[in-house]
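Participant: Contents of structure_25.pdb (PDB, C-alpha atoms and all ligand atoms):
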```
ATOM      1  CA  MET A   1      18.442 229.844 105.708
ATOM      2  CA  LYS A   2      17.164 233.226 106.746
ATOM      3  CA  ILE A   3      19.652 236.084 106.563
ATOM      4  CA  GLN A   4      18.846 238.778 109.061
ATOM      5  CA  TYR A   5      21.629 241.156 108.043
ATOM      6  CA  LYS A   6      24.471 241.293 105.543
ATOM      7  CA  ASP A   7      27.219 243.718 104.643
ATOM      8  CA  GLN A   8      30.656 243.140 103.152
ATOM      9  CA  ASN A   9      32.140 241.837 106.431
ATOM     10  CA  THR A  10      29.237 240.531 108.428
ATOM     11  CA  ILE A  11      26.346 238.173 107.915
ATOM     12  CA  ILE A  12      23.798 237.283 110.572
ATOM     13  CA  PHE A  13      22.006 233.994 109.920
ATOM     14  CA  GLU A  14      18.809 233.273 111.780
ATOM     15  CA  SER A  15      17.661 229.774 112.678
ATOM     16  CA  THR A  16      14.032 228.734 112.379
ATOM     17  CA  ILE A  17      14.308 227.547 115.995
ATOM     18  CA  PHE A  18      13.875 230.233 118.678
ATOM     19  CA  ARG A  19      15.117 232.828 116.157
ATOM     20  CA  THR A  20      18.672 231.998 117.269
ATOM     21  CA  THR A  21      21.390 233.962 115.496
ATOM     22  CA  SER A  22      24.683 232.728 114.037
ATOM     23  CA  THR A  23      27.020 235.486 112.941
ATOM     24  CA  VAL A  24      29.919 235.155 110.505
ATOM     25  CA  ILE A  25      32.433 238.001 110.416
ATOM     26  CA  GLN A  26      35.228 238.313 107.871
ATOM     27  CA  THR A  27      38.256 240.523 108.323
ATOM     28  CA  ALA A  28      41.501 240.728 106.350
ATOM     29  CA  ASP A  29      43.164 238.262 108.732
ATOM     30  CA  ALA A  30      40.510 235.879 109.942
ATOM     31  CA  ILE A  31      36.985 234.610 109.773
ATOM     32  CA  PHE A  32      34.884 234.364 112.928
ATOM     33  CA  VAL A  33      31.784 232.238 113.416
ATOM     34  CA  VAL A  34      29.590 232.833 116.453
ATOM     35  CA  ASP A  35      27.431 230.021 117.918
ATOM     36  CA  PRO A  36      26.627 228.124 114.683
ATOM     37  CA  ASN A  37      23.215 226.535 115.226
ATOM     38  CA  TRP A  38      20.510 224.781 115.241
ATOM     39  CA  LEU A  39      19.125 222.397 112.604
ATOM     40  CA  PRO A  40      21.552 220.155 110.698
ATOM     41  CA  PHE A  41      20.815 221.827 107.344
ATOM     42  CA  GLU A  42      21.292 225.249 108.932
ATOM     43  CA  VAL A  43      24.680 224.339 110.415
ATOM     44  CA  GLU A  44      25.654 222.834 107.053
ATOM     45  CA  HIS A  45      24.553 226.018 105.266
ATOM     46  CA  ILE A  46      26.766 228.105 107.551
ATOM     47  CA  ARG A  47      29.668 225.664 107.125
ATOM     48  CA  GLN A  48      29.421 225.863 103.333
ATOM     49  CA  TYR A  49      29.212 229.652 103.457
ATOM     50  CA  VAL A  50      32.371 229.750 105.578
ATOM     51  CA  GLU A  51      34.243 227.345 103.275
ATOM     52  CA  ALA A  52      33.221 229.315 100.171
ATOM     53  CA  ASN A  53      34.469 232.564 101.717
ATOM     54  CA  ARG A  54      37.425 231.390 103.746
ATOM     55  CA  ARG A  55      40.289 231.998 101.283
ATOM     56  CA  GLY A  56      42.865 230.358 103.524
ATOM     57  CA  ARG A  57      42.184 232.507 106.542
ATOM     58  CA  THR A  58      42.256 231.204 110.104
ATOM     59  CA  LEU A  59      38.814 230.240 111.348
ATOM     60  CA  TYR A  60      37.732 231.099 114.878
ATOM     61  CA  LEU A  61      34.602 229.809 116.573
ATOM     62  CA  LEU A  62      33.362 232.114 119.292
ATOM     63  CA  PHE A  63      30.963 230.698 121.861
ATOM     64  CA  THR A  64      28.927 233.300 123.735
ATOM     65  CA  HIS A  65      28.041 230.741 126.446
ATOM     66  CA  SER A  66      27.601 227.014 126.972
ATOM     67  CA  ASP A  67      23.804 226.625 126.646
ATOM     68  CA  TYR A  68      23.283 223.653 124.380
ATOM     69  CA  ASP A  69      21.644 225.577 121.553
ATOM     70  CA  HIS A  70      24.798 227.685 121.236
ATOM     71  CA  ILE A  71      27.356 224.856 121.125
ATOM     72  CA  ILE A  72      25.303 222.453 118.998
ATOM     73  CA  GLY A  73      27.305 223.091 115.795
ATOM     74  CA  TYR A  74      30.797 222.866 117.295
ATOM     75  CA  LYS A  75      32.134 219.774 115.512
ATOM     76  CA  ALA A  76      30.970 220.913 112.088
ATOM     77  CA  PHE A  77      34.070 223.156 112.108
ATOM     78  CA  PRO A  78      36.840 220.718 113.074
ATOM     79  CA  ASP A  79      39.853 222.920 112.285
ATOM     80  CA  ALA A  80      38.557 226.067 113.979
ATOM     81  CA  LYS A  81      40.255 227.715 116.932
ATOM     82  CA  ILE A  82      37.804 228.056 119.793
ATOM     83  CA  ILE A  83      37.220 231.185 121.873
ATOM     84  CA  ALA A  84      35.186 231.093 125.116
ATOM     85  CA  SER A  85      35.406 232.069 128.775
ATOM     86  CA  GLN A  86      37.288 230.394 131.623
ATOM     87  CA  ALA A  87      33.925 229.585 133.224
ATOM     88  CA  PHE A  88      32.908 227.902 129.959
ATOM     89  CA  VAL A  89      36.025 225.707 130.263
ATOM     90  CA  ASP A  90      35.280 224.986 133.925
ATOM     91  CA  MET A  91      31.567 224.350 133.381
ATOM     92  CA  PRO A  92      30.650 221.513 135.770
ATOM     93  CA  ASN A  93      27.683 220.094 133.795
ATOM     94  CA  LYS A  94      29.217 219.480 130.390
ATOM     95  CA  GLU A  95      27.488 216.136 130.044
ATOM     96  CA  LYS A  96      24.099 217.776 130.721
ATOM     97  CA  CYS A  97      24.651 220.209 127.801
ATOM     98  CA  LEU A  98      25.515 217.331 125.501
ATOM     99  CA  GLN A  99      22.538 215.309 126.669
ATOM    100  CA  GLU A 100      20.245 218.250 125.869
ATOM    101  CA  ILE A 101      21.597 218.238 122.299
ATOM    102  CA  ARG A 102      21.081 214.473 122.007
ATOM    103  CA  ASP A 103      17.567 214.739 123.453
ATOM    104  CA  PHE A 104      16.663 217.490 120.996
ATOM    105  CA  ASP A 105      17.942 215.468 118.041
ATOM    106  CA  ASP A 106      16.223 212.347 119.335
ATOM    107  CA  GLN A 107      12.904 214.129 119.773
ATOM    108  CA  TYR A 108      12.858 215.434 116.204
ATOM    109  CA  TYR A 109      14.605 212.478 114.471
ATOM    110  CA  LEU A 110      17.578 214.637 113.526
ATOM    111  CA  GLU A 111      20.884 213.224 112.348
ATOM    112  CA  ARG A 112      24.054 215.237 112.150
ATOM    113  CA  PRO A 113      27.090 214.465 110.021
ATOM    114  CA  TYR A 114      29.395 215.395 112.925
ATOM    115  CA  GLU A 115      30.013 214.327 116.505
ATOM    116  CA  ILE A 116      28.371 215.975 119.499
ATOM    117  CA  GLU A 117      31.135 217.159 121.810
ATOM    118  CA  TYR A 118      31.769 219.874 124.355
ATOM    119  CA  PRO A 119      34.045 222.528 122.811
ATOM    120  CA  LYS A 120      37.744 222.399 123.654
ATOM    121  CA  VAL A 121      38.780 226.016 124.084
ATOM    122  CA  ASP A 122      42.023 227.375 122.558
ATOM    123  CA  ILE A 123      41.691 231.034 123.503
ATOM    124  CA  VAL A 124      40.404 231.374 127.062
ATOM    125  CA  VAL A 125      38.896 234.636 128.236
ATOM    126  CA  LYS A 126      40.039 235.059 131.832
ATOM    127  CA  GLU A 127      39.853 238.745 132.604
ATOM    128  CA  GLU A 128      37.487 241.654 132.276
ATOM    129  CA  ALA A 129      38.230 243.727 129.157
ATOM    130  CA  GLN A 130      40.779 241.146 127.991
ATOM    131  CA  GLN A 131      41.732 241.646 124.364
ATOM    132  CA  PHE A 132      42.686 239.326 121.558
ATOM    133  CA  ARG A 133      44.353 240.761 118.475
ATOM    134  CA  ILE A 134      44.783 239.295 115.060
ATOM    135  CA  GLY A 135      46.176 241.711 112.472
ATOM    136  CA  ASP A 136      44.088 244.873 112.599
ATOM    137  CA  THR A 137      41.193 243.128 114.299
ATOM    138  CA  VAL A 138      40.763 243.500 118.055
ATOM    139  CA  LEU A 139      38.316 241.507 120.151
ATOM    140  CA  THR A 140      37.485 242.875 123.610
ATOM    141  CA  PHE A 141      35.663 240.611 126.048
ATOM    142  CA  TYR A 142      33.489 241.428 129.040
ATOM    143  CA  SER A 143      32.146 238.794 131.375
ATOM    144  CA  ALA A 144      28.401 238.349 131.029
ATOM    145  CA  ALA A 145      27.116 236.074 133.779
ATOM    146  CA  GLY A 146      23.545 235.907 135.016
ATOM    147  CA  HIS A 147      21.668 234.237 132.169
ATOM    148  CA  ASN A 148      24.050 231.380 132.770
ATOM    149  CA  ALA A 149      27.421 231.346 134.547
ATOM    150  CA  ASP A 150      29.843 231.509 131.621
ATOM    151  CA  GLY A 151      28.649 234.167 129.179
ATOM    152  CA  ILE A 152      30.816 236.788 127.519
ATOM    153  CA  PHE A 153      30.155 239.955 125.580
ATOM    154  CA  THR A 154      32.549 240.365 122.652
ATOM    155  CA  ILE A 155      33.257 243.633 120.851
ATOM    156  CA  ILE A 156      34.926 243.240 117.463
ATOM    157  CA  GLU A 157      36.773 246.315 116.244
ATOM    158  CA  PRO A 158      37.249 248.286 114.122
ATOM    159  CA  LEU A 159      33.998 246.910 112.693
ATOM    160  CA  GLY A 160      32.126 247.914 115.869
ATOM    161  CA  ILE A 161      30.196 244.665 116.298
ATOM    162  CA  TRP A 162      28.883 243.727 119.732
ATOM    163  CA  ILE A 163      28.091 240.035 120.125
ATOM    164  CA  ALA A 164      25.910 239.824 123.232
ATOM    165  CA  GLY A 165      24.733 236.218 123.495
ATOM    166  CA  ASP A 166      21.448 235.765 125.343
ATOM    167  CA  TYR A 167      21.054 239.309 126.662
ATOM    168  CA  LEU A 168      19.221 242.414 125.500
ATOM    169  CA  SER A 169      16.882 240.675 123.112
ATOM    170  CA  ASN A 170      13.880 242.470 121.649
ATOM    171  CA  ILE A 171      11.788 239.277 121.716
ATOM    172  CA  GLU A 172      12.618 237.868 125.162
ATOM    173  CA  PHE A 173      12.676 239.318 128.662
ATOM    174  CA  PRO A 174      15.591 238.152 130.843
ATOM    175  CA  PHE A 175      15.815 234.364 131.118
ATOM    176  CA  ILE A 176      17.743 233.987 134.355
ATOM    177  CA  TYR A 177      19.233 230.538 134.970
ATOM    178  CA  HIS A 178      22.190 231.641 137.093
ATOM    179  CA  SER A 179      21.776 234.833 139.151
ATOM    180  CA  SER A 180      19.536 237.880 138.933
ATOM    181  CA  VAL A 181      22.181 240.010 140.657
ATOM    182  CA  GLU A 182      24.851 238.973 138.153
ATOM    183  CA  TYR A 183      22.346 239.472 135.363
ATOM    184  CA  GLU A 184      21.778 243.087 136.357
ATOM    185  CA  ARG A 185      25.515 243.646 136.748
ATOM    186  CA  THR A 186      26.008 242.326 133.222
ATOM    187  CA  ILE A 187      23.386 244.462 131.521
ATOM    188  CA  ASN A 188      24.480 247.505 133.496
ATOM    189  CA  LYS A 189      27.718 247.362 131.489
ATOM    190  CA  VAL A 190      25.822 248.794 128.528
ATOM    191  CA  GLY A 191      26.667 252.437 129.327
ATOM    192  CA  LYS A 192      30.348 251.752 129.878
ATOM    193  CA  ILE A 193      30.663 249.642 126.733
ATOM    194  CA  LEU A 194      28.901 252.222 124.585
ATOM    195  CA  VAL A 195      31.330 254.880 125.831
ATOM    196  CA  ALA A 196      34.426 252.704 125.357
ATOM    197  CA  HIS A 197      33.539 251.378 121.894
ATOM    198  CA  ASP A 198      31.979 252.783 118.761
ATOM    199  CA  ILE A 199      29.206 250.203 118.340
ATOM    200  CA  LYS A 200      27.702 249.964 114.872
ATOM    201  CA  ILE A 201      25.928 246.613 115.036
ATOM    202  CA  PHE A 202      24.533 244.946 118.140
ATOM    203  CA  VAL A 203      23.747 241.224 117.825
ATOM    204  CA  THR A 204      21.592 239.377 120.344
ATOM    205  CA  GLY A 205      21.397 235.569 120.643
ATOM    206  CA  HIS A 206      17.669 235.383 119.875
ATOM    207  CA  GLY A 207      15.785 238.053 117.955
ATOM    208  CA  ASP A 208      16.757 241.099 115.968
ATOM    209  CA  PHE A 209      20.093 242.836 115.623
ATOM    210  CA  THR A 210      20.077 246.617 115.899
ATOM    211  CA  THR A 211      22.283 249.414 114.627
ATOM    212  CA  SER A 212      20.828 251.845 117.172
ATOM    213  CA  THR A 213      22.618 252.394 120.472
ATOM    214  CA  GLU A 214      19.393 254.003 121.721
ATOM    215  CA  GLU A 215      17.655 250.682 121.087
ATOM    216  CA  VAL A 216      20.365 248.840 123.074
ATOM    217  CA  LYS A 217      19.782 251.241 125.975
ATOM    218  CA  ARG A 218      16.019 250.789 125.668
ATOM    219  CA  ARG A 219      16.424 247.018 125.880
ATOM    220  CA  GLN A 220      18.631 247.435 128.946
ATOM    221  CA  GLU A 221      16.015 249.601 130.669
ATOM    222  CA  VAL A 222      13.229 247.133 129.927
ATOM    223  CA  SER A 223      15.338 244.226 131.242
ATOM    224  CA  VAL A 224      16.353 246.046 134.424
ATOM    225  CA  ALA A 225      12.758 247.113 135.053
ATOM    226  CA  TYR A 226      11.567 243.519 134.740
ATOM    227  CA  ILE A 227      14.187 242.160 137.156
ATOM    228  CA  GLN A 228      13.682 244.889 139.747
ATOM    229  CA  LYS A 229       9.880 244.683 139.607
ATOM    230  CA  LEU A 230       9.956 240.932 139.975
ATOM    231  CA  ARG A 231      12.383 241.089 142.895
ATOM    232  CA  LYS A 232      10.281 243.712 144.659
ATOM    233  CA  ALA A 233       7.058 241.794 144.057
ATOM    234  CA  ILE A 234       8.619 238.687 145.595
ATOM    235  CA  GLN A 235       9.995 240.649 148.568
ATOM    236  CA  ASP A 236       6.610 242.278 149.177
ATOM    237  CA  SER A 237       4.739 239.002 148.551
ATOM    238  CA  GLU A 238       2.746 240.756 145.867
ATOM    239  CA  ASN A 239       1.345 239.509 142.619
ATOM    240  CA  ILE A 240       4.363 238.089 140.816
ATOM    241  CA  ASN A 241       2.536 237.423 137.612
ATOM    242  CA  LEU A 242       3.891 240.563 135.904
ATOM    243  CA  SER A 243       2.055 239.416 132.816
ATOM    244  CA  ALA A 244       2.323 242.914 131.352
ATOM    245  CA  HIS A 245       5.997 242.130 130.800
ATOM    246  CA  TRP A 246       5.557 238.973 128.862
ATOM    247  CA  SER A 247       2.038 238.752 127.489
ATOM    248  CA  PRO A 248       2.604 241.279 124.636
ATOM    249  CA  ILE A 249       5.629 239.256 123.527
ATOM    250  CA  PRO A 250       4.934 236.568 120.916
ATOM    251  CA  PHE A 251       4.636 233.011 122.293
ATOM    252  CA  PRO A 252       3.236 233.996 125.715
ATOM    253  CA  LYS A 253       2.920 230.384 126.877
ATOM    254  CA  THR A 254       6.669 229.816 126.541
ATOM    255  CA  MET A 255       7.369 233.222 128.057
ATOM    256  CA  LYS A 256       5.255 232.292 131.084
ATOM    257  CA  TYR A 257       7.327 229.114 131.479
ATOM    258  CA  TYR A 258      10.562 231.133 131.623
ATOM    259  CA  HIS A 259       8.983 233.762 133.836
ATOM    260  CA  ASP A 260       7.956 231.040 136.295
ATOM    261  CA  GLY A 261      11.555 229.789 136.231
ATOM    262  CA  ASN A 262      12.760 233.294 137.092
ATOM    263  CA  VAL A 263      10.313 233.459 140.004
ATOM    264  CA  LYS A 264      11.629 230.164 141.394
ATOM    265  CA  LEU A 265      15.247 231.279 141.084
ATOM    266  CA  MET A 266      14.611 234.656 142.707
ATOM    267  CA  LEU A 267      12.622 233.100 145.540
ATOM    268  CA  LYS A 268      15.721 231.026 146.322
ATOM    269  CA  GLU A 269      17.967 234.088 146.091
ATOM    270  CA  LEU A 270      15.783 236.017 148.516
ATOM    271  CA  MET A 271      15.408 233.245 151.087
TER     272      MET A 271
HETATM  273 ZN    ZN A 301      20.140 230.723 123.680
END
```
Translate this structure into structure tokens?

Facilitator:
Amino acid sequence: MKIQYKDQNTIIFESTIFRTTSTVIQTADAIFVVDPNWLPFEVEHIRQYVEANRRGRTLYLLFTHSDYDHIIGYKAFPDAKIIASQAFVDMPNKEKCLQEIRDFDDQYYLERPYEIEYPKVDIVVKEEAQQFRIGDTVLTFYSAAGHNADGIFTIIEPLGIWIAGDYLSNIEFPFIYHSSVEYERTINKVGKILVAHDIKIFVTGHGDFTTSTEEVKRRQEVSVAYIQKLRKAIQDSENINLSAHWSPIPFPKTMKYYHDGNVKLMLKELM
């Protein structure tokens, strides 16, 4: 399986599918796995890596949000403690997420050696800037709605790792399934988070990590510009194609599909 990044504490695996990341972080007290995904052999690879490196430590699975690609590997880690948001717990369409996993596996003849279930959460993130401590490790959570309704940003200190989920990617513009207003609110937390935390590694859900806070800010600006341009174009009944935003990105046909989805959602918001 592709390794995007590795140091003595952190490894970022990258799936062949949609360049989705799975991050494993080891501290003195615990081992954290973020969104283990996609293909059965990839999830198994991550599971074996975790077992080989676990050394008796408590295992935590952190889910950035409930989109099916991010929860697909849940039951491969049966003794893990689960971390996710209150909205993730309250998600009304759990069965839809699970059906999307089953449909994906059905389409590609994939079999998994574990059950497909919706994660049962042990540590629920309920408040903005809520913290969870284990030994010297501190996790700080910020709500990150907009892409979907139950996302969270997690900052892991003192390592300075920001786990962003499906925001601030270098290979995707904003995919907005929930709310463009919430989406902007979420990505406008960048400045505040960069002041409050010493970020050394920024990990996005799809695409490349970065160690540059300037790059995180650049991604924020590009995302905000896209959302605001699209909203204005819809308000002014102008050309909403905005192909300049997505055609230079690889896989323009798929990007157009998501762009069209954004247009539909924003049209509803502005009605
Ligand atoms: Zn995703």

Participant: Using all atoms listed in the file, which of the listed residues (A:Tyr118, A:Phe88, A:Tyr49, A:Phe18) sits closest to ligand ZN 301 (chain A)?

Facilitator: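 Ranking A:Tyr118, A:Phe88, A:Tyr49, A:Phe18 by distance to ligand ZN 301 (chain A), first place goes to A:Phe18.
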
Participant: Extract, using all atoms listed in the file, all DNA, RNA and protein residues at most 8 Å from range 204-212 of chain A, discarding same-chain residues fewer than 4 positions from it, and format them as a list in words.

Facilitator: Gln4, Tyr5, Phe18, Arg19, Thr20, Thr21, Ser22, Ile163, Ala164, Gly165, Asp166, Tyr167, Leu168, Ser169, Asn170, Ile171, Glu172, Ile199, Lys200 and Val216 of chain A

Participant: Atom ZN of ligand ZN 301 (chain A) and CA of Phe104 in chain A, how far apart in Å?

Facilitator: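 Atom-to-atom, CA of Phe104 in chain A to atom ZN of ligand ZN 301 (chain A), that is 13.9 Å.
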
Participant: Check the smallest atom-to-atom distance from each of A:Ala76, A:Met266, A:Ala233, A:Leu62 to Val121 in chain A using all atoms listed in the file, then report the winner.

Facilitator: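 The closest residue to Val121 in chain A is A:Leu62.
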
Participant: Hey, which of A:Ile176, A:Met91, A:Ala84, A:Leu39 ends up closest to Tyr108 in chain A? Count all atoms listed in the file.

Facilitator: A:Leu39
